[in-house]
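What follows is a set of notes on a single structure, which appears directly below.
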Amino acid sequence: MPKLEHLRPSGLHHNPAYSHVVAATGARTIYISGQVSVDEEGRVVGPGDLAAQTTQVMQNLGLALKAAGASYANIVKITTFVVGYKPELRPIIGKARSAFFAGMEPPASTLVGVTALAAPEWLIEIEAVAVVD
């Protein structure tokens, strides 16, 4: 297992939903393309439902991690892109996403509001970087 240090720099507000800084020591870095809410057949899961789409996206990330010999615990950074982002959407995303990081320190995280993703049915896309030994 790689060594991950979730640092809490003095002067930065501690937020339990994400880590400001994660220092990783490991032999292999995994870059996962932005995952969207589609199943194995390419069908959209949860049309119009941000919570359902976030859950599917996180499940897809899990499949990608597993294929690379990693797990959610190996993620050091995620970037989340949300169509038409408004602050009231953050709790919906956070609740669906946090279930996948339960019992562990969350990764560094960035959330970006966008006007559109590659397909009009997609509401959210999440990419990740993971480190393993």
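Just remember, in the structure tokens the first chain shown is A, the second B, etc., residues are 1-based per chain, and ligands are 1-based in the order shown.
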
Which residues of region 36-98 of chain A sit at most 10 Å from region 18-23 of chain A, using only C-alpha atoms? Give each one's shortest atom pair and distance in Å (one decimal place), in chain and ascending residue order, as a Markdown table.
```
| residue | atom | partner | partner_atom | distance |
| --- | --- | --- | --- | --- |
| A:Ile75 | CA | A:Val22 | CA | 9.5 |
| A:Val76 | CA | A:Val22 | CA | 6.1 |
| A:Lys77 | CA | A:Val22 | CA | 7.8 |
| A:Ile78 | CA | A:Tyr18 | CA | 9.6 |
| A:Gly94 | CA | A:Tyr18 | CA | 9.8 |
| A:Ser98 | CA | A:Tyr18 | CA | 9.4 |
```

Just write the chosen residues, N, CA, C and O atoms, as a short mmCIF file (atom, residue, chain, number, x, y, z; two decimals), in the first residue's frame.
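Produced file selection.cif, reproduced below:
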```cif
data_model
loop_
_atom_site.label_atom_id
_atom_site.label_comp_id
_atom_site.auth_asym_id
_atom_site.auth_seq_id
_atom_site.Cartn_x
_atom_site.Cartn_y
_atom_site.Cartn_z
N ILE A 75 -6.98 6.80 -4.13
CA ILE A 75 -7.20 8.07 -4.83
C ILE A 75 -6.56 9.20 -4.04
O ILE A 75 -6.81 9.36 -2.84
N VAL A 76 -5.75 10.00 -4.71
CA VAL A 76 -5.12 11.16 -4.07
C VAL A 76 -5.78 12.47 -4.51
O VAL A 76 -5.72 13.46 -3.79
N LYS A 77 -6.42 12.47 -5.70
CA LYS A 77 -7.03 13.71 -6.21
C LYS A 77 -8.19 13.37 -7.12
O LYS A 77 -8.08 12.47 -7.95
N ILE A 78 -9.30 14.06 -6.94
CA ILE A 78 -10.42 13.96 -7.87
C ILE A 78 -10.80 15.36 -8.34
O ILE A 78 -10.64 16.34 -7.61
N GLY A 94 -22.03 15.63 -2.58
CA GLY A 94 -21.26 15.20 -1.42
C GLY A 94 -21.82 13.95 -0.76
O GLY A 94 -21.08 13.05 -0.40
N SER A 98 -19.55 10.74 -0.78
CA SER A 98 -18.92 10.42 0.51
C SER A 98 -19.08 8.95 0.90
O SER A 98 -18.25 8.40 1.61
#
```

- Message: Residues near region 123-126 of chain A, anyone? I mean within 9 Å using only C-alpha atoms, not counting same-chain ones fewer than 4 positions away, as a list in words.
- Response: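 The residues that qualify are Ile32, Ser33, Gly34, Gln35, Val36, Ser37, Pro47, Gly48, Asp49, Leu50, Gln53, Thr54, Val57, Met58, Leu61, Ile78, Thr79, Thr80, Phe81, Val82, Val83, Gly84, Ala116, Leu117 and Ala119 of chain A.
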
Export of prior selection with N, CA and C atoms as a PDB file, in the first residue's frame:
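Ended up saving to selection.pdb:
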```pdb
ATOM      1  N   ILE A  32      -7.178   8.338 -14.169  1.00  0.00           N
ATOM      2  CA  ILE A  32      -8.458   7.833 -14.655  1.00  0.00           C
ATOM      3  C   ILE A  32      -9.204   8.966 -15.353  1.00  0.00           C
ATOM      4  N   SER A  33      -9.544   8.724 -16.607  1.00  0.00           N
ATOM      5  CA  SER A  33     -10.312   9.705 -17.372  1.00  0.00           C
ATOM      6  C   SER A  33     -11.618  10.023 -16.676  1.00  0.00           C
ATOM      7  N   GLY A  34     -12.160  11.175 -16.999  1.00  0.00           N
ATOM      8  CA  GLY A  34     -13.445  11.550 -16.443  1.00  0.00           C
ATOM      9  C   GLY A  34     -14.482  10.483 -16.705  1.00  0.00           C
ATOM     10  N   GLN A  35     -15.112  10.020 -15.650  1.00  0.00           N
ATOM     11  CA  GLN A  35     -16.158   9.001 -15.744  1.00  0.00           C
ATOM     12  C   GLN A  35     -17.518   9.688 -15.699  1.00  0.00           C
ATOM     13  N   VAL A  36     -18.447   9.161 -16.485  1.00  0.00           N
ATOM     14  CA  VAL A  36     -19.794   9.720 -16.548  1.00  0.00           C
ATOM     15  C   VAL A  36     -20.807   8.633 -16.207  1.00  0.00           C
ATOM     16  N   SER A  37     -22.060   9.009 -16.166  1.00  0.00           N
ATOM     17  CA  SER A  37     -23.118   8.104 -15.712  1.00  0.00           C
ATOM     18  C   SER A  37     -23.663   7.243 -16.850  1.00  0.00           C
ATOM     19  N   PRO A  47     -31.106   9.496 -15.745  1.00  0.00           N
ATOM     20  CA  PRO A  47     -31.338  10.728 -16.505  1.00  0.00           C
ATOM     21  C   PRO A  47     -32.010  11.800 -15.641  1.00  0.00           C
ATOM     22  N   GLY A  48     -31.420  12.985 -15.612  1.00  0.00           N
ATOM     23  CA  GLY A  48     -31.992  14.098 -14.862  1.00  0.00           C
ATOM     24  C   GLY A  48     -31.829  14.015 -13.357  1.00  0.00           C
ATOM     25  N   ASP A  49     -31.171  12.998 -12.828  1.00  0.00           N
ATOM     26  CA  ASP A  49     -31.042  12.776 -11.385  1.00  0.00           C
ATOM     27  C   ASP A  49     -29.571  12.862 -10.973  1.00  0.00           C
ATOM     28  N   LEU A  50     -29.178  14.002 -10.427  1.00  0.00           N
ATOM     29  CA  LEU A  50     -27.773  14.234 -10.081  1.00  0.00           C
ATOM     30  C   LEU A  50     -27.250  13.231  -9.061  1.00  0.00           C
ATOM     31  N   GLN A  53     -26.743   9.889 -10.830  1.00  0.00           N
ATOM     32  CA  GLN A  53     -25.613   9.971 -11.752  1.00  0.00           C
ATOM     33  C   GLN A  53     -24.292   9.997 -10.989  1.00  0.00           C
ATOM     34  N   THR A  54     -24.236  10.709  -9.873  1.00  0.00           N
ATOM     35  CA  THR A  54     -23.008  10.750  -9.072  1.00  0.00           C
ATOM     36  C   THR A  54     -22.665   9.354  -8.568  1.00  0.00           C
ATOM     37  N   VAL A  57     -21.297   7.331 -11.470  1.00  0.00           N
ATOM     38  CA  VAL A  57     -19.950   7.804 -11.791  1.00  0.00           C
ATOM     39  C   VAL A  57     -18.939   7.221 -10.801  1.00  0.00           C
ATOM     40  N   MET A  58     -19.269   7.247  -9.518  1.00  0.00           N
ATOM     41  CA  MET A  58     -18.353   6.708  -8.511  1.00  0.00           C
ATOM     42  C   MET A  58     -18.188   5.203  -8.671  1.00  0.00           C
ATOM     43  N   LEU A  61     -15.812   4.753 -11.469  1.00  0.00           N
ATOM     44  CA  LEU A  61     -14.444   4.993 -10.990  1.00  0.00           C
ATOM     45  C   LEU A  61     -13.914   3.753 -10.277  1.00  0.00           C
ATOM     46  N   ILE A  78      -9.300  14.062  -6.944  1.00  0.00           N
ATOM     47  CA  ILE A  78     -10.424  13.961  -7.874  1.00  0.00           C
ATOM     48  C   ILE A  78     -10.798  15.364  -8.339  1.00  0.00           C
ATOM     49  N   THR A  79     -11.278  15.415  -9.566  1.00  0.00           N
ATOM     50  CA  THR A  79     -11.824  16.660 -10.109  1.00  0.00           C
ATOM     51  C   THR A  79     -13.225  16.344 -10.598  1.00  0.00           C
ATOM     52  N   THR A  80     -14.178  17.139 -10.136  1.00  0.00           N
ATOM     53  CA  THR A  80     -15.585  16.929 -10.443  1.00  0.00           C
ATOM     54  C   THR A  80     -16.089  18.091 -11.292  1.00  0.00           C
ATOM     55  N   PHE A  81     -16.719  17.761 -12.398  1.00  0.00           N
ATOM     56  CA  PHE A  81     -17.308  18.751 -13.298  1.00  0.00           C
ATOM     57  C   PHE A  81     -18.822  18.583 -13.252  1.00  0.00           C
ATOM     58  N   VAL A  82     -19.546  19.683 -12.976  1.00  0.00           N
ATOM     59  CA  VAL A  82     -20.999  19.621 -12.815  1.00  0.00           C
ATOM     60  C   VAL A  82     -21.659  20.632 -13.738  1.00  0.00           C
ATOM     61  N   VAL A  83     -22.594  20.148 -14.547  1.00  0.00           N
ATOM     62  CA  VAL A  83     -23.323  21.022 -15.468  1.00  0.00           C
ATOM     63  C   VAL A  83     -24.256  21.932 -14.677  1.00  0.00           C
ATOM     64  N   GLY A  84     -24.200  23.231 -14.979  1.00  0.00           N
ATOM     65  CA  GLY A  84     -25.102  24.188 -14.337  1.00  0.00           C
ATOM     66  C   GLY A  84     -24.949  24.246 -12.826  1.00  0.00           C
ATOM     67  N   ALA A 116     -21.633  22.577 -20.087  1.00  0.00           N
ATOM     68  CA  ALA A 116     -22.025  21.324 -20.738  1.00  0.00           C
ATOM     69  C   ALA A 116     -20.905  20.305 -20.626  1.00  0.00           C
ATOM     70  N   LEU A 117     -21.278  19.036 -20.777  1.00  0.00           N
ATOM     71  CA  LEU A 117     -20.312  17.945 -20.907  1.00  0.00           C
ATOM     72  C   LEU A 117     -20.453  17.402 -22.335  1.00  0.00           C
ATOM     73  N   ALA A 119     -21.972  14.910 -23.648  1.00  0.00           N
ATOM     74  CA  ALA A 119     -23.323  14.491 -24.050  1.00  0.00           C
ATOM     75  C   ALA A 119     -24.334  15.270 -23.208  1.00  0.00           C
TER      76      ALA A 119
END
```

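Selecting alpha helix (DSSP H) from the backbone DSSP output for chain A yields A:Leu50, A:Ala51, A:Ala52, A:Gln53, A:Thr54, A:Thr55, A:Gln56, A:Val57, A:Met58, A:Gln59, A:Asn60, A:Leu61, A:Gly62, A:Leu63, A:Ala64, A:Leu65, A:Lys66, A:Ala67, A:Arg90, A:Pro91, A:Ile92, A:Ile93, A:Gly94, A:Lys95, A:Ala96, A:Arg97, A:Ser98.
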
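Of the residues listed (A:Ala68, A:Ala73, A:Ile92, A:Leu63), A:Ile92 shows the shortest atom-to-atom separation from Ala51 (chain A); distances use only C-alpha atoms.
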
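Here the residues within region 28-89 of chain A that DSSP labels strand (DSSP E or B) on the basis of the backbone are Arg28, Thr29, Ile30, Tyr31, Ile32, Ser33, Gly34, Gln35, Val38, Val44, Ile75, Val76, Lys77, Ile78, Thr79, Thr80, Phe81, Val82 and Val83 of chain A.
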
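CA of Pro107 (chain A) is found 14.1 Å from CA of Ile30 (chain A).
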
- Distance criterion (only C-alpha atoms): nearest to Ala24 (chain A) out of A:Leu4, A:Leu89, A:Val44, A:Glu105: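 Going through A:Leu4, A:Leu89, A:Val44, A:Glu105 one by one, the smallest distance to Ala24 (chain A) is for A:Leu4.
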
- Computed interatomic separation between CA of Pro2 (chain A) and CA of Gly26 (chain A) (Å):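 Here the two named atoms are 4.7 Å from each other.
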
- Task: Go ahead and compute the interatomic distance for CA of Val129 (chain A) and CA of Lys86 (chain A), in Å to one decimal.
- Result: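 Spanning CA of Val129 (chain A) to CA of Lys86 (chain A) is a straight-line distance of 25.3 Å.
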